[in-house]
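Printed here is protein-v8.txt (compact mmCIF, N, CA and C atoms):
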# COMPACT_ATOMS: atom_id res chain seq x y z
N MET O 1 -28.31 -13.34 9.69
CA MET O 1 -28.23 -12.03 9.07
C MET O 1 -26.81 -11.85 8.54
N ILE O 2 -26.71 -11.30 7.33
CA ILE O 2 -25.42 -11.04 6.70
C ILE O 2 -25.40 -9.59 6.22
N ILE O 3 -24.24 -8.96 6.35
CA ILE O 3 -24.10 -7.56 5.94
C ILE O 3 -23.14 -7.51 4.76
N PHE O 4 -23.57 -6.88 3.67
CA PHE O 4 -22.73 -6.71 2.49
C PHE O 4 -22.44 -5.23 2.28
N ASP O 5 -21.23 -4.92 1.87
CA ASP O 5 -20.91 -3.58 1.42
C ASP O 5 -21.32 -3.51 -0.04
N LEU O 6 -22.01 -2.44 -0.40
CA LEU O 6 -22.57 -2.30 -1.73
C LEU O 6 -22.16 -0.96 -2.34
N ALA O 7 -22.29 -0.85 -3.64
CA ALA O 7 -22.05 0.41 -4.34
C ALA O 7 -22.99 0.47 -5.53
N CYS O 8 -23.34 1.71 -5.89
CA CYS O 8 -24.18 1.91 -7.06
C CYS O 8 -23.29 2.22 -8.26
N LYS O 9 -23.92 2.46 -9.39
CA LYS O 9 -23.19 2.77 -10.62
C LYS O 9 -22.35 4.05 -10.47
N GLN O 10 -22.77 4.95 -9.60
CA GLN O 10 -22.05 6.21 -9.38
C GLN O 10 -20.97 6.06 -8.30
N GLU O 11 -20.75 4.83 -7.82
CA GLU O 11 -19.74 4.51 -6.81
C GLU O 11 -20.06 5.05 -5.43
N HIS O 12 -21.34 5.30 -5.14
CA HIS O 12 -21.74 5.65 -3.77
C HIS O 12 -21.73 4.35 -2.97
N ALA O 13 -20.98 4.31 -1.89
CA ALA O 13 -20.86 3.09 -1.08
C ALA O 13 -21.86 3.13 0.08
N PHE O 14 -22.44 1.98 0.37
CA PHE O 14 -23.36 1.83 1.49
C PHE O 14 -23.42 0.35 1.86
N GLU O 15 -24.10 0.02 2.94
CA GLU O 15 -24.20 -1.38 3.32
C GLU O 15 -25.65 -1.83 3.31
N GLY O 16 -25.83 -3.13 3.14
CA GLY O 16 -27.16 -3.71 3.15
C GLY O 16 -27.17 -4.94 4.05
N TRP O 17 -28.27 -5.15 4.73
CA TRP O 17 -28.43 -6.30 5.64
C TRP O 17 -29.42 -7.27 5.00
N PHE O 18 -29.04 -8.54 4.94
CA PHE O 18 -29.86 -9.54 4.26
C PHE O 18 -29.95 -10.81 5.10
N GLN O 19 -31.01 -11.57 4.89
CA GLN O 19 -31.18 -12.84 5.59
C GLN O 19 -30.15 -13.87 5.14
N SER O 20 -29.73 -13.78 3.86
CA SER O 20 -28.79 -14.75 3.31
C SER O 20 -28.22 -14.19 2.00
N PRO O 21 -27.15 -14.79 1.49
CA PRO O 21 -26.64 -14.35 0.19
C PRO O 21 -27.69 -14.50 -0.92
N SER O 22 -28.51 -15.54 -0.84
CA SER O 22 -29.53 -15.73 -1.88
C SER O 22 -30.61 -14.66 -1.78
N ALA O 23 -30.89 -14.16 -0.57
CA ALA O 23 -31.86 -13.07 -0.43
C ALA O 23 -31.32 -11.81 -1.10
N TYR O 24 -30.01 -11.55 -0.93
CA TYR O 24 -29.39 -10.42 -1.62
C TYR O 24 -29.52 -10.59 -3.14
N ASP O 25 -29.13 -11.77 -3.64
CA ASP O 25 -29.20 -12.03 -5.08
C ASP O 25 -30.60 -11.80 -5.63
N SER O 26 -31.60 -12.28 -4.90
CA SER O 26 -32.99 -12.14 -5.33
C SER O 26 -33.41 -10.67 -5.38
N GLN O 27 -33.03 -9.90 -4.35
CA GLN O 27 -33.41 -8.49 -4.30
C GLN O 27 -32.71 -7.68 -5.40
N VAL O 28 -31.44 -8.01 -5.68
CA VAL O 28 -30.73 -7.31 -6.75
C VAL O 28 -31.38 -7.62 -8.09
N ALA O 29 -31.71 -8.89 -8.31
CA ALA O 29 -32.32 -9.29 -9.58
C ALA O 29 -33.66 -8.58 -9.80
N LYS O 30 -34.40 -8.38 -8.73
CA LYS O 30 -35.70 -7.70 -8.83
C LYS O 30 -35.57 -6.18 -8.73
N ARG O 31 -34.33 -5.70 -8.61
CA ARG O 31 -34.02 -4.27 -8.51
C ARG O 31 -34.74 -3.61 -7.34
N LEU O 32 -34.76 -4.33 -6.19
CA LEU O 32 -35.42 -3.83 -4.99
C LEU O 32 -34.48 -3.01 -4.10
N ILE O 33 -33.19 -3.04 -4.39
CA ILE O 33 -32.21 -2.31 -3.59
C ILE O 33 -31.87 -1.02 -4.33
N SER O 34 -31.87 0.09 -3.61
CA SER O 34 -31.51 1.35 -4.25
C SER O 34 -30.50 2.11 -3.40
N CYS O 35 -29.71 2.92 -4.07
CA CYS O 35 -28.69 3.73 -3.41
C CYS O 35 -29.37 4.81 -2.57
N PRO O 36 -28.98 4.94 -1.31
CA PRO O 36 -29.60 5.97 -0.47
C PRO O 36 -29.21 7.40 -0.89
N GLN O 37 -28.15 7.54 -1.67
CA GLN O 37 -27.72 8.89 -2.08
C GLN O 37 -28.35 9.34 -3.39
N CYS O 38 -28.38 8.45 -4.38
CA CYS O 38 -28.87 8.89 -5.70
C CYS O 38 -30.10 8.12 -6.17
N GLY O 39 -30.48 7.05 -5.47
CA GLY O 39 -31.67 6.30 -5.84
C GLY O 39 -31.47 5.25 -6.92
N SER O 40 -30.25 5.14 -7.45
CA SER O 40 -29.98 4.14 -8.49
C SER O 40 -30.23 2.74 -7.95
N ASN O 41 -30.78 1.88 -8.81
CA ASN O 41 -30.94 0.49 -8.38
C ASN O 41 -30.01 -0.44 -9.16
N GLU O 42 -28.97 0.13 -9.75
CA GLU O 42 -27.90 -0.66 -10.36
C GLU O 42 -26.84 -0.85 -9.29
N ILE O 43 -26.97 -1.93 -8.53
CA ILE O 43 -26.19 -2.17 -7.32
C ILE O 43 -25.28 -3.38 -7.51
N ARG O 44 -24.09 -3.30 -6.90
CA ARG O 44 -23.16 -4.43 -6.89
C ARG O 44 -22.48 -4.51 -5.53
N ARG O 45 -22.01 -5.70 -5.20
CA ARG O 45 -21.24 -5.88 -3.96
C ARG O 45 -19.83 -5.37 -4.18
N ILE O 46 -19.24 -4.82 -3.13
CA ILE O 46 -17.85 -4.40 -3.17
C ILE O 46 -17.11 -5.09 -2.03
N PRO O 47 -15.79 -5.23 -2.13
CA PRO O 47 -15.04 -5.89 -1.04
C PRO O 47 -15.28 -5.19 0.29
N SER O 48 -15.45 -6.00 1.31
CA SER O 48 -15.71 -5.51 2.66
C SER O 48 -14.43 -5.45 3.47
N ALA O 49 -14.40 -4.55 4.42
CA ALA O 49 -13.29 -4.54 5.37
C ALA O 49 -13.41 -5.80 6.21
N LEU O 50 -12.28 -6.39 6.51
CA LEU O 50 -12.28 -7.64 7.28
C LEU O 50 -12.18 -7.35 8.76
N HIS O 51 -12.84 -8.15 9.55
CA HIS O 51 -12.77 -8.03 11.00
C HIS O 51 -12.33 -9.37 11.55
N ILE O 52 -11.20 -9.35 12.22
CA ILE O 52 -10.72 -10.57 12.86
C ILE O 52 -10.92 -10.40 14.35
N ALA O 53 -11.76 -11.24 14.92
CA ALA O 53 -12.08 -11.13 16.33
C ALA O 53 -10.86 -11.48 17.19
N LYS O 54 -10.75 -10.76 18.31
CA LYS O 54 -9.68 -11.06 19.26
C LYS O 54 -10.09 -12.31 20.03
N PRO O 55 -9.11 -13.15 20.39
CA PRO O 55 -9.45 -14.32 21.19
C PRO O 55 -9.96 -13.90 22.56
N SER O 56 -10.86 -14.69 23.11
CA SER O 56 -11.41 -14.38 24.42
C SER O 56 -10.38 -14.69 25.50
N PRO O 57 -10.49 -14.05 26.68
CA PRO O 57 -9.56 -14.36 27.77
C PRO O 57 -9.58 -15.84 28.15
N ASP O 58 -10.75 -16.49 28.06
CA ASP O 58 -10.84 -17.91 28.39
C ASP O 58 -10.01 -18.75 27.42
N SER O 59 -10.03 -18.41 26.14
CA SER O 59 -9.27 -19.20 25.17
C SER O 59 -7.78 -19.00 25.37
N VAL O 60 -7.38 -17.79 25.80
CA VAL O 60 -5.96 -17.54 26.08
C VAL O 60 -5.53 -18.39 27.28
N ALA O 61 -6.36 -18.42 28.31
CA ALA O 61 -6.04 -19.19 29.51
C ALA O 61 -5.95 -20.68 29.21
N ASN O 62 -6.72 -21.14 28.24
CA ASN O 62 -6.73 -22.56 27.89
C ASN O 62 -5.71 -22.90 26.81
N GLY O 63 -4.90 -21.93 26.40
CA GLY O 63 -3.87 -22.19 25.40
C GLY O 63 -4.40 -22.34 23.99
N GLU O 64 -5.60 -21.82 23.71
CA GLU O 64 -6.22 -21.97 22.39
C GLU O 64 -5.93 -20.81 21.45
N THR O 65 -5.21 -19.83 21.88
CA THR O 65 -5.07 -18.59 21.12
C THR O 65 -4.49 -18.79 19.73
N LEU O 66 -3.38 -19.47 19.61
CA LEU O 66 -2.71 -19.59 18.32
C LEU O 66 -3.57 -20.28 17.27
N PRO O 67 -4.12 -21.47 17.55
CA PRO O 67 -4.96 -22.10 16.51
C PRO O 67 -6.19 -21.27 16.16
N VAL O 68 -6.83 -20.65 17.14
CA VAL O 68 -8.01 -19.83 16.87
C VAL O 68 -7.63 -18.65 15.99
N ALA O 69 -6.52 -18.00 16.31
CA ALA O 69 -6.08 -16.85 15.51
C ALA O 69 -5.76 -17.29 14.08
N LYS O 70 -5.11 -18.44 13.93
CA LYS O 70 -4.80 -18.93 12.58
C LYS O 70 -6.07 -19.19 11.79
N MET O 71 -7.03 -19.84 12.41
CA MET O 71 -8.26 -20.16 11.70
C MET O 71 -9.06 -18.90 11.40
N SER O 72 -9.06 -17.93 12.32
CA SER O 72 -9.76 -16.68 12.07
C SER O 72 -9.12 -15.95 10.90
N ALA O 73 -7.80 -15.94 10.86
CA ALA O 73 -7.10 -15.27 9.77
C ALA O 73 -7.40 -15.97 8.45
N LEU O 74 -7.40 -17.30 8.45
CA LEU O 74 -7.71 -18.03 7.23
C LEU O 74 -9.14 -17.74 6.77
N ALA O 75 -10.09 -17.74 7.71
CA ALA O 75 -11.47 -17.46 7.36
C ALA O 75 -11.61 -16.05 6.80
N ALA O 76 -10.92 -15.09 7.41
CA ALA O 76 -10.97 -13.71 6.92
C ALA O 76 -10.36 -13.61 5.53
N PHE O 77 -9.25 -14.30 5.32
CA PHE O 77 -8.61 -14.29 4.01
C PHE O 77 -9.52 -14.91 2.96
N GLN O 78 -10.13 -16.04 3.30
CA GLN O 78 -11.03 -16.70 2.36
C GLN O 78 -12.24 -15.82 2.05
N GLN O 79 -12.74 -15.09 3.04
CA GLN O 79 -13.86 -14.18 2.82
C GLN O 79 -13.45 -13.07 1.86
N MET O 80 -12.24 -12.54 2.06
CA MET O 80 -11.76 -11.48 1.18
C MET O 80 -11.64 -11.99 -0.26
N ILE O 81 -11.04 -13.16 -0.44
CA ILE O 81 -10.86 -13.73 -1.78
C ILE O 81 -12.22 -13.99 -2.42
N SER O 82 -13.15 -14.52 -1.66
CA SER O 82 -14.49 -14.79 -2.19
C SER O 82 -15.17 -13.51 -2.66
N SER O 83 -15.02 -12.44 -1.89
CA SER O 83 -15.61 -11.16 -2.28
C SER O 83 -14.97 -10.63 -3.56
N ILE O 84 -13.66 -10.73 -3.66
CA ILE O 84 -12.96 -10.27 -4.86
C ILE O 84 -13.40 -11.08 -6.08
N VAL O 85 -13.42 -12.40 -5.92
CA VAL O 85 -13.79 -13.27 -7.04
C VAL O 85 -15.21 -12.99 -7.51
N SER O 86 -16.13 -12.76 -6.59
CA SER O 86 -17.52 -12.56 -6.99
C SER O 86 -17.77 -11.18 -7.61
N ASN O 87 -16.82 -10.26 -7.46
CA ASN O 87 -17.00 -8.90 -7.98
C ASN O 87 -16.05 -8.54 -9.11
N CYS O 88 -15.37 -9.53 -9.68
CA CYS O 88 -14.42 -9.28 -10.76
C CYS O 88 -14.70 -10.19 -11.95
N GLU O 89 -14.41 -9.66 -13.13
CA GLU O 89 -14.51 -10.46 -14.34
C GLU O 89 -13.25 -11.31 -14.49
N ASP O 90 -13.39 -12.58 -14.72
CA ASP O 90 -12.24 -13.48 -14.91
C ASP O 90 -11.80 -13.40 -16.38
N VAL O 91 -10.61 -12.83 -16.60
CA VAL O 91 -10.08 -12.71 -17.96
C VAL O 91 -9.01 -13.76 -18.23
N GLY O 92 -8.81 -14.67 -17.27
CA GLY O 92 -7.88 -15.78 -17.45
C GLY O 92 -6.47 -15.35 -17.75
N ASN O 93 -5.88 -15.96 -18.77
CA ASN O 93 -4.50 -15.69 -19.13
C ASN O 93 -4.32 -14.35 -19.85
N ASP O 94 -5.41 -13.67 -20.16
CA ASP O 94 -5.34 -12.37 -20.83
C ASP O 94 -5.24 -11.22 -19.84
N PHE O 95 -4.92 -11.54 -18.58
CA PHE O 95 -4.93 -10.50 -17.54
C PHE O 95 -4.03 -9.31 -17.88
N ALA O 96 -2.77 -9.56 -18.20
CA ALA O 96 -1.83 -8.46 -18.47
C ALA O 96 -2.32 -7.61 -19.65
N GLN O 97 -2.78 -8.26 -20.70
CA GLN O 97 -3.26 -7.55 -21.89
C GLN O 97 -4.48 -6.68 -21.54
N GLU O 98 -5.42 -7.23 -20.80
CA GLU O 98 -6.63 -6.48 -20.43
C GLU O 98 -6.31 -5.33 -19.47
N ALA O 99 -5.38 -5.57 -18.54
CA ALA O 99 -4.98 -4.50 -17.61
C ALA O 99 -4.36 -3.34 -18.37
N ARG O 100 -3.52 -3.64 -19.35
CA ARG O 100 -2.90 -2.58 -20.16
C ARG O 100 -3.97 -1.81 -20.96
N LYS O 101 -4.92 -2.53 -21.55
CA LYS O 101 -5.97 -1.87 -22.32
C LYS O 101 -6.75 -0.88 -21.45
N MET O 102 -7.05 -1.28 -20.22
CA MET O 102 -7.78 -0.39 -19.32
C MET O 102 -6.90 0.79 -18.92
N HIS O 103 -5.64 0.53 -18.61
CA HIS O 103 -4.72 1.58 -18.19
C HIS O 103 -4.57 2.65 -19.26
N TYR O 104 -4.50 2.22 -20.51
CA TYR O 104 -4.33 3.16 -21.61
C TYR O 104 -5.66 3.59 -22.23
N LEU O 105 -6.76 3.31 -21.50
CA LEU O 105 -8.12 3.74 -21.86
C LEU O 105 -8.56 3.24 -23.23
N GLU O 106 -8.12 2.03 -23.59
CA GLU O 106 -8.54 1.41 -24.84
C GLU O 106 -9.81 0.59 -24.65
N THR O 107 -10.16 0.34 -23.41
CA THR O 107 -11.35 -0.42 -23.06
C THR O 107 -11.90 0.15 -21.76
N PRO O 108 -13.20 -0.01 -21.49
CA PRO O 108 -13.77 0.55 -20.25
C PRO O 108 -13.11 -0.02 -18.99
N LEU O 109 -12.98 0.82 -17.96
CA LEU O 109 -12.44 0.38 -16.68
C LEU O 109 -13.43 -0.56 -16.01
N ARG O 110 -12.92 -1.64 -15.42
CA ARG O 110 -13.74 -2.60 -14.70
C ARG O 110 -12.82 -3.41 -13.81
N SER O 111 -13.38 -4.14 -12.88
CA SER O 111 -12.60 -5.01 -12.01
C SER O 111 -12.36 -6.32 -12.74
N ILE O 112 -11.10 -6.71 -12.83
CA ILE O 112 -10.76 -7.97 -13.49
C ILE O 112 -9.84 -8.80 -12.59
N ARG O 113 -9.80 -10.08 -12.90
CA ARG O 113 -8.86 -10.99 -12.25
C ARG O 113 -8.42 -12.00 -13.29
N GLY O 114 -7.30 -12.64 -13.03
CA GLY O 114 -6.78 -13.63 -13.97
C GLY O 114 -5.39 -14.05 -13.55
N THR O 115 -4.66 -14.59 -14.49
CA THR O 115 -3.30 -15.06 -14.19
C THR O 115 -2.31 -14.27 -15.04
N ALA O 116 -1.12 -14.10 -14.45
CA ALA O 116 -0.04 -13.40 -15.15
C ALA O 116 1.28 -14.03 -14.73
N SER O 117 2.20 -14.12 -15.66
CA SER O 117 3.53 -14.64 -15.34
C SER O 117 4.27 -13.61 -14.49
N ASP O 118 5.36 -14.04 -13.88
CA ASP O 118 6.18 -13.10 -13.11
C ASP O 118 6.63 -11.94 -13.98
N ALA O 119 7.03 -12.23 -15.22
CA ALA O 119 7.50 -11.19 -16.13
C ALA O 119 6.36 -10.21 -16.47
N ASP O 120 5.16 -10.74 -16.72
CA ASP O 120 4.01 -9.87 -17.01
C ASP O 120 3.69 -8.98 -15.81
N TYR O 121 3.71 -9.57 -14.63
CA TYR O 121 3.43 -8.84 -13.39
C TYR O 121 4.43 -7.69 -13.22
N GLU O 122 5.70 -7.99 -13.36
CA GLU O 122 6.73 -6.95 -13.21
C GLU O 122 6.60 -5.89 -14.30
N GLY O 123 6.28 -6.31 -15.52
CA GLY O 123 6.09 -5.36 -16.60
C GLY O 123 4.94 -4.39 -16.32
N LEU O 124 3.84 -4.91 -15.81
CA LEU O 124 2.71 -4.06 -15.45
C LEU O 124 3.11 -3.04 -14.39
N ARG O 125 3.80 -3.52 -13.36
CA ARG O 125 4.23 -2.62 -12.27
C ARG O 125 5.18 -1.54 -12.81
N GLU O 126 6.09 -1.92 -13.69
CA GLU O 126 7.04 -0.95 -14.26
C GLU O 126 6.34 0.11 -15.10
N GLU O 127 5.20 -0.25 -15.71
CA GLU O 127 4.43 0.70 -16.51
C GLU O 127 3.53 1.58 -15.63
N GLY O 128 3.56 1.35 -14.33
CA GLY O 128 2.74 2.14 -13.43
C GLY O 128 1.32 1.63 -13.31
N ILE O 129 1.09 0.39 -13.70
CA ILE O 129 -0.25 -0.20 -13.64
C ILE O 129 -0.36 -0.94 -12.31
N GLU O 130 -1.28 -0.50 -11.46
CA GLU O 130 -1.44 -1.08 -10.14
C GLU O 130 -2.13 -2.44 -10.23
N VAL O 131 -1.45 -3.47 -9.79
CA VAL O 131 -2.01 -4.81 -9.75
C VAL O 131 -1.69 -5.42 -8.39
N LEU O 132 -2.47 -6.39 -8.00
CA LEU O 132 -2.30 -7.04 -6.71
C LEU O 132 -2.28 -8.54 -6.93
N ARG O 133 -1.24 -9.18 -6.41
CA ARG O 133 -1.16 -10.63 -6.46
C ARG O 133 -1.70 -11.20 -5.17
N LEU O 134 -2.57 -12.18 -5.28
CA LEU O 134 -3.14 -12.83 -4.10
C LEU O 134 -2.84 -14.32 -4.14
N PRO O 135 -2.18 -14.84 -3.11
CA PRO O 135 -1.94 -16.27 -3.07
C PRO O 135 -3.18 -17.01 -2.59
N ILE O 136 -3.27 -18.26 -2.95
CA ILE O 136 -4.33 -19.12 -2.43
C ILE O 136 -3.70 -19.95 -1.31
N VAL O 137 -4.21 -19.78 -0.09
CA VAL O 137 -3.65 -20.44 1.08
C VAL O 137 -4.54 -21.61 1.47
N LYS O 138 -3.92 -22.76 1.67
CA LYS O 138 -4.65 -23.95 2.11
C LYS O 138 -4.49 -24.12 3.60
N LYS O 139 -5.48 -24.76 4.25
CA LYS O 139 -5.42 -24.96 5.70
C LYS O 139 -4.14 -25.67 6.12
N GLU O 140 -3.72 -26.67 5.34
CA GLU O 140 -2.53 -27.44 5.71
C GLU O 140 -1.25 -26.62 5.64
N ASP O 141 -1.27 -25.49 4.93
CA ASP O 141 -0.10 -24.63 4.84
C ASP O 141 0.08 -23.75 6.07
N LEU O 142 -0.90 -23.72 6.96
CA LEU O 142 -0.82 -22.87 8.15
C LEU O 142 0.11 -23.43 9.22
N ASN O 143 0.47 -24.68 9.16
CA ASN O 143 1.31 -25.28 10.21
C ASN O 143 2.76 -24.93 10.03
Starting from the coordinates I provided, produce the structure as structure tokens.
Amino acid sequence: MIIFDLACKQEHAFEGWFQSPSAYDSQVAKRLISCPQCGSNEIRRIPSALHIAKPSPDSVANGETLPVAKMSALAAFQQMISSIVSNCEDVGNDFAQEARKMHYLETPLRSIRGTASDADYEGLREEGIEVLRLPIVKKEDLN
């Protein structure tokens, strides 16, 4: 069983329980999921809050705490990135340009992702455009 955080076109947030990601995809495609507040069946996944489990007392006693915590953090981070990637349009190297167009209401607001140089990133921030940089962390970088 998997739980996804969902939202409708009106931004009403709710959660759905599914047997698998493919079961969710199938139900969305068939428009079988509807918003409990407004009944809309235009549904999309939204980023979920992350839960990092605390190590058990047995793992602490056995000295396993640090590696388990590192792997849990990596798994949580990877889950967050996966959720963001699956819910955003990839605009590639046009990220700064597209972010500005949305900020100045020249194009419809939507979730986007892409790449930006350090100068573009700082320029966006100086203009008051909220952006978030996310690093890609590899398992070997945790040591």
Checklist line | Selected residue of minimal separation from Glu98 in chain O among O:Ser86, O:Gln37, O:Ile112, O:Arg125, counting all atoms listed in the file | finding: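 Going through O:Ser86, O:Gln37, O:Ile112, O:Arg125 one by one, the smallest distance to Glu98 in chain O is for O:Ile112.
Coordinates place atom C of Gly114 in chain O at a distance of 6.6 Å from atom N of Asp94 in chain O.
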Margin query: I'd like the interatomic distance between atom C of Glu11 in chain O and CA of Ile43 in chain O, to a tenth of an Å.
Written below: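 Atom-to-atom, atom C of Glu11 in chain O and CA of Ile43 in chain O are spaced 9.7 Å apart.
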Margin query: Under the rule that only N, CA and C atoms are counted, which of O:Ser26, O:His103, O:Gln19, O:Asn93 is the nearest residue to Ala116 in chain O?
Written below: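 Using only N, CA and C atoms, Ala116 in chain O sits closest to O:Asn93.
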